[in-house]
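Enquirer: Have a look at this one before I ask anything.
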Amino acid sequence: MTSELRTCLSKTLLVLLVVIFCIVLLKTAWICDDAFFTIRTVDNFINGYGLRFNISERVQAYTHPLWMFLISIFYIITREAFLTTTLLSMILSVFSFSLINFRISRSTFTSILCSVILIQSKAFVDFSTSGLENPLSIFLMCLFFITFLKTLTGKRIFYLFLIISLSTLTRIDLILLYVPPLIYSIRFLIGNRIMKPRTIVFKGLIAFSPVFFWELFSLVYYGFLFPNTAYAKLNTGIRKIELIQQGLKYLINSFKLDPITPITIAAGLISVLFFYRDRIKKSFAIGILLYLSYVVWIGGDFMTGRFLSIPLVCSVVLIATRLMNIKHLTLSLPLVLLVGIDSPFNPIHSKFRYENRIIDNGIADERGFYFLETGFLLHFLEKPFSDNIWAIQGKEMRANSHTVKVVGGGGINAMYAGKDIHLIEYNALTDPMLSRLRDEDSFTGRWRIGHFQRTIPRGYWETLQTGINLIRDPGYSIYYDKLALITKGKIFDPNRLAEIIKMNAGRYDHLISYIMVTSDYFLSEPGQLVFDPTSYTKEVWRIKDSFSDVKTIITGPYFQIPHGVYKATYVLKTSILNPEDKLKLLVTSDHGYDVLSERIITLPNAVSYPNWGHYSLNFEINQPVASNVEFRVVNENVMEMDFDMVILYWDYKDFDWSASRILDNF
């Protein structure tokens with residue numbers, strides 16, 4: 001066989017592999033709900049309302065500025081979200097797949113192995129579309145690697161800096177992948193006297209100027225350096241050991257659903273770290289380890305494979321740079337096929353009507369959840385995307401008279417609800433106030449990764465609906481005023497700029513460094529707990545007279561509280577009928593059998609209608625964990641009492657939260 005014929009057959013085979021990938025990609029293409037947080041922002045931006053999710057406030061509800069701007073460029077032309085985002089993702093993914101085959105792989109046999117791995121990887125195929133930033137991140141990573149493997153010069157180090165800069169704008173935590181190879185490159189240039197340190201610094205500053213300008217813009221426009229999602233997902237108060245355990249579960253989940261991905265990552269790292277002497281590739285492998293460590297550190301994600309697709313491609317690229325012959329291929333390819341084909345979630349096996357709604361330790365097959373409603377081919381063959389169940393819900397919101405809605409998730413809802421609907425997303429991804437509050441479930445141990453639900457403060461809905469601060473809790477109310485000036489005030493107002501500095505410096509953190517135990521869970525025994533339509537908000541409960549003289553309101557039992565010193569503040573008001581009547585406040589555990597603290601309030605010292613009183617008592621948990629902690633109000637011979645909430649303060653060393661002092665003056 002002549003060399004020309006061999007070259008022609010090799011290129012034909014490589015093109016065939018790309019075609020196969022396109023077929024698999026076309027069959028599995030979809031879009032997720034989270035992508036529409038960005039797309040709604042794009043729609044508002046293109047229509048002149050600014051880079052906002054809700055047009056009434058400046059909030060960065062997306063994590064990937066470069067991806068957002070790239071979608072915006074095409075959205076200007078198409079004015080259509082679903083097909084535009086999906087096709088853009090597919091094009092970038094095909095480009096990346098082709099770069100690995102034609103530019104990075106050192107032989108046809110290596111290309112075959114790498115292609116088979118990628119086509120069978122659920123993480124890679126699922127997030128080659130989805131509407132998230134993965135396709136752009138992977139494309140930039142391939143460009144970086146192509147540049148990195150060439151002889152380093154002053155011009156190429158600038159390109160490396162620039163690619164890292166663009167990757168950082170795509171997703172800020174990706175910089176961890178690039179730090180080790182960048183350090184190697186700088187040391188190489190300085191050690192070999194190719195460039196002076198000050199020249200490298202100068203080129204680096206120029207290349208990173210897009211990042212500097214974006215961060216400056218973000219600080220001035222939004223008031224913060226980081227996206228709102230960072231505050232929502234990293235500001236939960238969950239103990240670090242719990243997050244690390246969840247991060248390890250994330251890796252284990254990948255072994256269950258997509259074994260070829262973690263096995264390939266491990267194989268690429270082991271081969272480079274222990275069997276290669278190439279320092280260039282070792283630095284890249286260290287970057288992968290840093291990124292994976294970060295993924296575990298933050299608890300992984302609720303989307304299986306999302307944070308593993310990029311380390312997978314990095315490992316595949318490391319494998320692709322190894323010269324492979326037919327002998328190597330015959331040894332490795334059967335193993336890859338055996339691992340991949342045996343997996344029931346292999347993209348090659350994916351059915352036309354793919355579905356998998358099983359949640360494992362809070363981790364979901366996100367494509368399996370959304371595909372029947374947001375699949376690319378289903379849009380043409382069964383029903384248009386605009387008729388999916390979430391789009392219909394969004395249209396119903398638009399038709400409703402209320403302009404403020406509470407949703408969980410709700411990206412697709414939001415897009416079809418329209419700009420005039422203000423959405424309170426209780427996972428706090430798009431809400432600046434809720435993202436600063438502590439996750440109540442994190443305190444009780446019932447949290448799900450990526451879904452840190454916040455309790456909506458009393459009066460917050462009414463505040464957004466009316467534009468008047470009606471938030472009941474005094475600390476939250478003050479904090480909201482400060483935050484609203486930042487997110488809604490005039491951009492260059494000197495008072496706003498001053499508040500930005502104070503807010504980012506943590507000057508107001510003490511106002512929200514506690515948790516509210518709301519009355520949504522309250523029971524009454526044996527008194528009757530009834531709704532009071534005349535109360536300050538519709539969520540305030542009133543206990544009225546019953547046949548028994550003693551009436552008790554109980555929260556729980558549902559709390560598990562670790563050892564530490566606490567303060568519980570009860571918010572209530574009473575009608576004074578008898579000066580000798582008393583209220584008893586109790587904190588108990590073990591279903592009320594163990595009294596941790598109690599306080600008796602005589603009615604002459606209580607606050608009566610229409611004002612609210614705040615009554616505090618301290619208690620201490622001496623054991624590692626107290627189970628079934630309850631907050632009780634015993635109402636002795638009182639005809640009428642309104643009970644709003646318990647505000648719980650703590651000072652527990654393993655948490656990053658300190659006890660607030662805002663109620664000391666009450």
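Chain identifiers are assigned as A, B, and so on, following the order in which chains appear in the structure tokens; residues are numbered from 1 within each chain, and ligands are numbered from 1 in order of appearance.
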For segment 433-436 of chain A, list every protein, DNA or RNA residue within 10 Å, evaluated using only C-alpha atoms, and leave out those in the same chain fewer than 2 positions away; present the list as number ranges by chain.
Expert: A: 228-236, 424-431, 438-439, 452-457, 460, 476, 479-480, 483-484, 509, 512-513
Enquirer: If we count only C-alpha atoms, what is near Thr85 of chain A at a cut-off of 10 Å, once residues fewer than 2 positions away on the same chain are taken out, given as a PyMOL selection string?
Expert: chain A and resi 30-31+35-36+39+70-72+74-75+80-83+87-90+129-132
Enquirer: For segment 261-272 of chain A, find every residue with an atom within 6 Å (counting only C-alpha atoms), except residues of its own chain fewer than 2 positions away, and show them as a VMD selection string.
Expert: chain A and resid 121 258 to 259 274 to 276 282 285 312 315
Enquirer: Would you put the residues from that selection into a file with N, CA and C atoms, as an mmCIF file, in the first residue's frame?
Expert:
data_model
loop_
_atom_site.group_PDB
_atom_site.id
_atom_site.type_symbol
_atom_site.label_atom_id
_atom_site.label_comp_id
_atom_site.auth_asym_id
_atom_site.auth_seq_id
_atom_site.Cartn_x
_atom_site.Cartn_y
_atom_site.Cartn_z
ATOM 1 N N SER A 121 -18.638 8.425 26.002
ATOM 2 C CA SER A 121 -18.678 9.131 27.288
ATOM 3 C C SER A 121 -19.985 9.891 27.432
ATOM 4 N N ASP A 258 -21.541 6.289 34.151
ATOM 5 C CA ASP A 258 -20.680 6.630 33.015
ATOM 6 C C ASP A 258 -19.249 6.187 33.308
ATOM 7 N N PRO A 259 -19.005 4.884 33.480
ATOM 8 C CA PRO A 259 -17.691 4.429 33.958
ATOM 9 C C PRO A 259 -16.531 4.797 33.053
ATOM 10 N N PHE A 274 3.119 8.900 36.202
ATOM 11 C CA PHE A 274 4.008 7.827 36.665
ATOM 12 C C PHE A 274 4.824 7.173 35.557
ATOM 13 N N PHE A 275 4.441 7.345 34.305
ATOM 14 C CA PHE A 275 5.150 6.640 33.232
ATOM 15 C C PHE A 275 5.720 7.580 32.167
ATOM 16 N N TYR A 276 5.410 8.866 32.243
ATOM 17 C CA TYR A 276 5.968 9.847 31.318
ATOM 18 C C TYR A 276 7.049 10.647 32.036
ATOM 19 N N LYS A 282 3.104 16.548 32.323
ATOM 20 C CA LYS A 282 2.910 16.416 33.767
ATOM 21 C C LYS A 282 2.245 17.666 34.348
ATOM 22 N N ALA A 285 -1.348 17.445 33.662
ATOM 23 C CA ALA A 285 -1.990 16.459 34.541
ATOM 24 C C ALA A 285 -2.214 17.039 35.939
ATOM 25 N N LEU A 312 -12.182 15.008 31.401
ATOM 26 C CA LEU A 312 -12.140 13.873 30.472
ATOM 27 C C LEU A 312 -11.435 14.261 29.184
ATOM 28 N N SER A 315 -7.759 14.593 29.651
ATOM 29 C CA SER A 315 -7.096 13.289 29.724
ATOM 30 C C SER A 315 -7.015 12.634 28.355
#
Enquirer: Which of these residues is nearest to His563 of chain A, using only C-alpha atoms: A:Ile73, A:Ile601, A:Ile486, A:Ala626?
Expert: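 Between A:Ile73, A:Ile601, A:Ile486, A:Ala626, the residue approaching His563 of chain A most closely is A:Ala626.
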Enquirer: Excluding Ile183 of chain A and residues on its chain fewer than 4 positions from it, collect all residues at most 12 Å away from it, counting only C-alpha atoms, and give them as a list of chain:residue names.
Expert: A:Phe148, A:Ile157, A:Leu160, A:Phe161, A:Leu176, A:Leu177, A:Tyr178, A:Val179, A:Arg187, A:Phe188, A:Leu189, A:Ile190, A:Gly191, A:Ile200, A:Arg279, A:Ile280, A:Lys282, A:Ser283, A:Phe284, A:Ile286, A:Gly287
Enquirer: With distances taken over only C-alpha atoms, which of A:Val295, A:Val125, A:Val634, A:Leu169 is nearest to Phe226 of chain A?
Expert: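 Nearest to Phe226 of chain A: A:Leu169.
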Enquirer: For Val15 of chain A, which residue out of A:Phe109, A:Phe307, A:Phe102, A:Tyr250 is the nearest one, using only C-alpha atoms?
Expert: A:Phe102
